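Before any comments, here is the structure.
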Amino acid sequence: MSDYKKSKLDGIKDWLTTTNHKKIGIMYLWFALFNAVVGGSLAGLIRTQLFNPEGKLLTPEMYNQVMSMHGTLMIFFVIIPAMVGFGNYIVPIQIGARDMAFPKLNALTFWIQIPAALLMFSSFLVPGGTTQAGWTGYAPLTSKAFSGTPGVDMWIFGLHLVGMGSILGAINFLVTIINMRAPGMKFFKMPLLSWTWFVNAVLMLVATPVLAGAITMLLSDRHLGTSFFQPAGGGDPILYQHLFWFYSHPAVYIMVLPGMGLVSMVLPAFAHKKIFGYKGLVLATCGIGFIGFLVWGHHMFASGIDPVLRSIFAFMTMVIAVPTGIKIFSWIATIWGGTLRFTTAMKFGLAFISLFVIGGMSGLTLAVIPFDVQVHDTYYVVAHLHYVLFGGSMMTLLAGLFFYFPKMSGRVLDEKLGKISFWHIFIGMNLTFLPMHWLGIMGMTRRVSSYPQRPEFAFLNRFEMLGYLLMLGGGILILYNIFKTLRKPKTATADPWDVNGIQNTLEWTISSPPPPENFETIPVVR
Amino acid sequence: MKKKILIFATLFIALFSLYQILYAEQPLTNWLQNPATPLAKDVRTNFWISMLAILPFLLLSEGLLFYAIVKFKAKPNAKPATFHENVRLEIAWTILPALALIIIAFPTFTTLKKMEVPPKSDLVVEVIGHQFFWEYKYPKYEINFAEKPLVVPVNKVVTLNCTSVDVIHSWFVPAFGVKQDANPGRITHAWFKALQTGTYKGQCAELCGALHALMYITVKVVTDEEFETWLEKNKPVPVTPTEATAPVKSKT
């Protein structure tokens with residue numbers, strides 16, 4: 001072994017053929033980071049387009065493509081893979097396993113994302129461009145008659161691949177968490193990140209096939225002459241909405257539950273206090289996961305579905321606020337009375353709570369059907385979903401990045417730069433998305449490429465540009481921080497944040513970065 | 001840090017009020033500021049009641065969070081507390097929000113009933129969405145036109161039967177408190193009773209293709225007499241088959 005000189009090529013080969021959960025996790029994170037750059041640039045195009053009421057930068061067709069792809073990329077190619085990246089890396093270590101249950105399947109799950117992303121990117125280049133129907137792809141706008149472009153088919157196939165990855169990954173996570181916990185690691189001893197991943201895997205496994213089914217029906221309507229969603233052939237476009245949201249509402253929780261897990265690791269570490277109400281948090285996670293399947297109809301309050309059905313969905317939507325409230329209060333109680341250290345990870349974690357509260361409350365207002373109908377498909381909803389997905393998921397991901405970067409790379413990210421980037425992102429985020437609530441109430445509909453008839457919307461749209469630029473600056477700083485830190489020597493200790501003694505999770509007992517097999521002997525948990 | 005937040009908050013409020021002053025001469029017509037129908041007024045009441053129930057929780061959680069951040073900053077020699085359970089507290093923060101939800105739920109369901117059960121209709125209009133314009137039919141008067149403002153009498157209950165010939169559209173006039181998807185192959189219903197004459201703007205709210213942003217809605221609310229003359233002017237001319245080649249955009 002010692003005679004063999006490792007060349008650079010071997011390193012690349014190693015990454016391409018690895019089945020190690022840690023390397024796959026890191027690849028997921030790089031993949032998500034790259035897509036975040038693309039998706040963020042598309043967001044820049046959107047904001048520039050809406051800077052003036054006339055919106056002259058892009059043609060309406062081009063704008064719809066950009067807007068659709070921004071949504072699709074950010075959801076399926078940034079937030080979900082980034083969450084999977086952290087889960088893939090940390091969960092096996094946390095439960096005391098040497099790897100995932102199916103390492104080769106794990107590699108497949110990652111590599112299947114690459115052609116999916118390539119399909120998405122290249123769909124811009126085909127004649128007619130990519131889908132113009134938004135990330136929701138409502139029928140019949142996505143039918144052959146109204147979207148003839150092959151870009152829609154590529155979008156469907158891309159989602160198929162991602163969905164396949166999700167299902168396979170979910171099976172892998174479930175089998176790993178159920179079977180490979182170290183001796184003594186009972187379910188109610190599992191750290192919260194692993195718990196959220198357990199619930200999350202169930203959500204992915206149950207919900208994703210429904211999305212796959214819905215878009216397959218779309219595909220068959222497009223090319224095989226069926227009419228699942230074609231009124232002319234006796235189909236019903238509302239059916240697509242039911243199927244789509246049956247997946248996509250749980251998908252919101254798929255995007256935020258693992259993030260809540262990350263924050264539940266970060267907060268106790270820097271408050272020097274155990275997590276408050278562990279059992280309550282676990283039960284709230286399960287509750288959110290379960291009720292999350294019963295609220296999809298609140299996306300369809302304006303589509304004319306039965307009022308009784310609407311009332312039930314509204315009621316369930318209100319109910320889901322209860323477990324979410326338990327979580328928020330438990331986190332606040334966790335930092336209550338602690339000695340808080342405001343590292344960048346902690347700052348992002350605390351920002352998550354404050355922003356998610358706003359997103360959650362505006363979500364609660366959306367359960368009020370008469371109000372929801374008024375702001376449905378307006379910028380109010382855009383504001384709400386960005387508070388949940390940017391203020392929620394993205395903040396937790398950044399908290400997780402700063403928290404686990406030393407464990408993954410052996411190097412601590414620059415804290416000073418990190419804090420500057422935090423303030424940029426936190427302030428920019430609010431400047432961009434807070435005014436959107438007001439725009440929506442005034443009646444600015446979403447997914448419009450211009451608003452020449454309503455010049456009074458211009459002021460806030462211009463104001464939001466300021467927020468975007470701040471976020472852009474923060475994002476660039478984080479990228480710079482990552483590349484700068486990766487050039488430094490590996491100096492991080494096994495426990496760079498001094499968390500041992502507060503939360504005794506296994507990832508802080510092994511070296512940073514961990515050895516390939518994590519543990520020499522499988523630890524026994526007491 | 002606190003200073004920074006304060007500066008940004010003041011800046012934001014200042015710019016916001018400046019904006020309000022600048023645009024004050026343009027009456028903002030939406031259900032919140034200038035509700036033009038009884039339904040829109042109900043929506044506004046419903047909104048404020050829900051806010052009354054939601055805002056205390058928003059302020060409470062943000063306030064506690066902010067207080068904790070300021071109060072429990074690590075100081076040398078300070079020892080962190082060790083509590084991590086309190087069953088009573090946990091039960092309290094499960095039940096209290098649940099009770100608040102009841103305050104939100106009741107007005108929601110009563111307003112929903114008002115939305116769904118229109119009073120006796122005075123005028124029925126069929127609203128048909130096209131890529132990218134609206135077609136209106138007055139079945140009683142056999143009037144049918146497209147790409148022109150909808151004309152309705154003031155203080156009359158107008159019921160809308162919405163459908164579409166191609167993709168899903170949504171008929172949305174913010175001042176009326178009305179938004180209803182127009183789905184192909186289905187008929188959905190909405191209603192409004194405009195309390196004041198005037199011109200109201202709206203637009204298609206469901207992404208329907210490239211020119212979705214330009215699919216406007218204009219509603220002219222006129223007095224009864226004006227409506228009568230308008231009906232007279234737009235009375236259908238008997239059409240012989242040979243004249244039917246005029247490019248009228250209708251679905252027939």
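FYI, nothing fancy with the structure tokens labels: chains A, B, ... in order, residues from 1 per chain, ligands from 1 as they appear.
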For region 270-287 of chain A: contacts at 7 Å, only C-alpha atoms, fewer than 3 positions along chain excluded, given as number ranges by chain
A: 195-196, 199, 266-267, 290-291, 323-324, 326-327, 330-331, 333-335, 338-341, 346, 502-503; B: 80-82, 84-85
If you run DSSP on the backbone here, which positions in region 111-258 of chain A get alpha helix (DSSP H)? Please write them as a VMD selection string. chain A and resid 111 113 to 122 150 to 179 192 to 223 237 to 258
Given only C-alpha atoms as the counted atoms, nearest of A:Ala207, A:Leu224, A:Ser362, A:Gly337 to Ala78 (chain B) =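 Using only C-alpha atoms, Ala78 (chain B) sits closest to A:Gly337.
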As a VMD selection string, please: the residues near Ala146 (chain B) (cut-off 12 Å, only C-alpha atoms, same-chain neighbours under 3 positions excluded). chain B and resid 126 to 138 143 149 to 151 215 to 218 247 to 251
Restrict the calculation to only C-alpha atoms, then for each residue of region 134-169 of chain B with any atom at most 12 Å from an atom of region 122-138 of chain A give the closest atom pair and their distance in Å to one decimal, rows by chain and rising residue number, as a tab-separated table.
```
residue	atom	partner	partner_atom	distance
B:Val167	CA	A:Tyr138	CA	9.0
B:Ile168	CA	A:Tyr138	CA	8.4
B:His169	CA	A:Tyr138	CA	11.2
```
Selection to disk with N, CA and C atoms, as a compact mmCIF listing (two decimals), in the first residue's frame:
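Output file part-v1.txt is given in full below:
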```
# COMPACT_ATOMS: atom_id res chain seq x y z
N VAL B 167 -57.30 26.86 -20.60
CA VAL B 167 -56.61 26.48 -19.37
C VAL B 167 -57.34 27.10 -18.18
N ILE B 168 -56.79 26.89 -16.99
CA ILE B 168 -57.44 27.45 -15.80
C ILE B 168 -57.13 28.94 -15.70
N HIS B 169 -58.16 29.75 -15.54
CA HIS B 169 -57.98 31.17 -15.26
C HIS B 169 -58.61 31.45 -13.90
```
Atom pair CA of Phe228 (chain A) + CA of Met154 (chain A), distance 19.9 Å
**Message:** I need the strand (DSSP E or B) residues of region 21-176 of chain B per DSSP on the backbone, written as a PyMOL selection string.
**Reply:** chain B and resi 73+123-130+133-138+143-146+150-153+158-164+169-173
* Asked: Could you state the separation of CA of Val162 (chain A) and CA of Gln113 (chain A) in Å, given to one decimal place?
  ->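 It comes out at 5.8 Å.
Between CA of Phe145 (chain B) and CA of Leu231 (chain B) the interatomic distance comes to 12.2 Å.
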For this session: Write out as a ChimeraX atom specification which residues come within 6 Å of region 364-368 of chain A when counting only C-alpha atoms, dropping same-chain ones fewer than 3 positions away.
Result: /A:314,317,361,371-372 /B:108
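Minimum atom-to-atom distances from A:Pro268, A:Gly85, A:Pro183, A:Gly292 to chain B were compared using only C-alpha atoms, and the lowest value belongs to A:Pro268.
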Long-range neighbours of Val158 (chain B) as an mmCIF file with C-alpha atoms, in the first residue's frame, 10 Å cut-off, only C-alpha atoms, 4 positions minimum in chain:
```cif
data_model
loop_
_atom_site.group_PDB
_atom_site.id
_atom_site.type_symbol
_atom_site.label_atom_id
_atom_site.label_comp_id
_atom_site.auth_asym_id
_atom_site.auth_seq_id
_atom_site.Cartn_x
_atom_site.Cartn_y
_atom_site.Cartn_z
ATOM 1 C CA PRO B 118 -75.493 34.043 -2.477
ATOM 2 C CA PRO B 119 -78.716 35.970 -1.861
ATOM 3 C CA LYS B 120 -81.362 35.955 -4.579
ATOM 4 C CA SER B 121 -79.660 36.805 -7.809
ATOM 5 C CA ASP B 122 -80.636 39.935 -9.775
ATOM 6 C CA LEU B 123 -78.325 39.371 -12.693
ATOM 7 C CA VAL B 124 -76.552 36.257 -13.901
ATOM 8 C CA VAL B 125 -73.341 36.664 -15.868
ATOM 9 C CA VAL B 152 -73.252 45.712 -13.911
ATOM 10 C CA PRO B 153 -75.858 47.740 -12.034
ATOM 11 C CA VAL B 154 -75.085 49.101 -8.602
ATOM 12 C CA ALA B 190 -69.156 33.546 -7.248
ATOM 13 C CA TRP B 191 -71.253 36.575 -6.444
ATOM 14 C CA PHE B 192 -70.936 40.227 -5.540
ATOM 15 C CA LYS B 193 -73.089 43.239 -4.838
ATOM 16 C CA ALA B 194 -71.273 46.464 -5.616
#
```
message: Can you pull out the residues contacting region 446-463 of chain A? Cut-off 6 Å, using only C-alpha atoms, and skip same-chain residues under 6 positions away; I want them as a PyMOL selection string.
response: (chain A and resi 51+53-55+60+63+377-379) or (chain B and resi 213)
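Here the question is which of A:Ile320, A:Leu401, A:Val388, A:Ala302 gets nearest to Asn481 (chain A) using only C-alpha atoms, and that residue is A:Leu401.
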> For Pro370 (chain A), which of B:His212, B:His189, B:Lys233, B:Lys41 is the closest residue, counting only C-alpha atoms?
Replying inline: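 The answer is B:Lys41, which sits nearest to Pro370 (chain A).
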ask   = Counting only C-alpha atoms, which of B:Val165, B:Leu211, B:Ser50, B:Lys235 gets nearest to Ile103 (chain B)?
value =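 Looking at the shortest contact to Ile103 (chain B), the residue is B:Ser50.
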If you count only C-alpha atoms, the residue of A:Phe198, A:Phe342, A:Phe244, A:Phe188 closest to chain B turns out to be A:Phe342
May I have the residues within 10 Å of Val38 (chain A) as a JSON list (two decimals) with C-alpha atoms, in the first residue's frame, using only C-alpha atoms and disregarding those fewer than 3 positions away in the same chain?
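Output below, filename part06.json:
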```json
[["chain", "number", "residue", "atom", "x", "y", "z"],
["A", 32, "ALA", "CA", -27.17, 21.78, -3.68],
["A", 33, "LEU", "CA", -24.70, 24.66, -3.40],
["A", 34, "PHE", "CA", -24.15, 24.72, -7.15],
["A", 35, "ASN", "CA", -27.88, 24.67, -7.83],
["A", 41, "SER", "CA", -29.27, 33.98, -10.20],
["A", 42, "LEU", "CA", -32.68, 33.20, -11.63],
["A", 43, "ALA", "CA", -34.19, 35.01, -8.64],
["A", 44, "GLY", "CA", -32.02, 37.99, -9.59],
["A", 69, "MET", "CA", -37.25, 26.92, -13.02],
["A", 70, "HIS", "CA", -36.42, 29.09, -9.99],
["A", 73, "LEU", "CA", -34.59, 24.19, -8.69],
["A", 74, "MET", "CA", -34.86, 25.74, -5.25],
["A", 78, "VAL", "CA", -31.39, 22.91, -3.47],
["A", 121, "PHE", "CA", -30.79, 22.86, -17.16]]
```
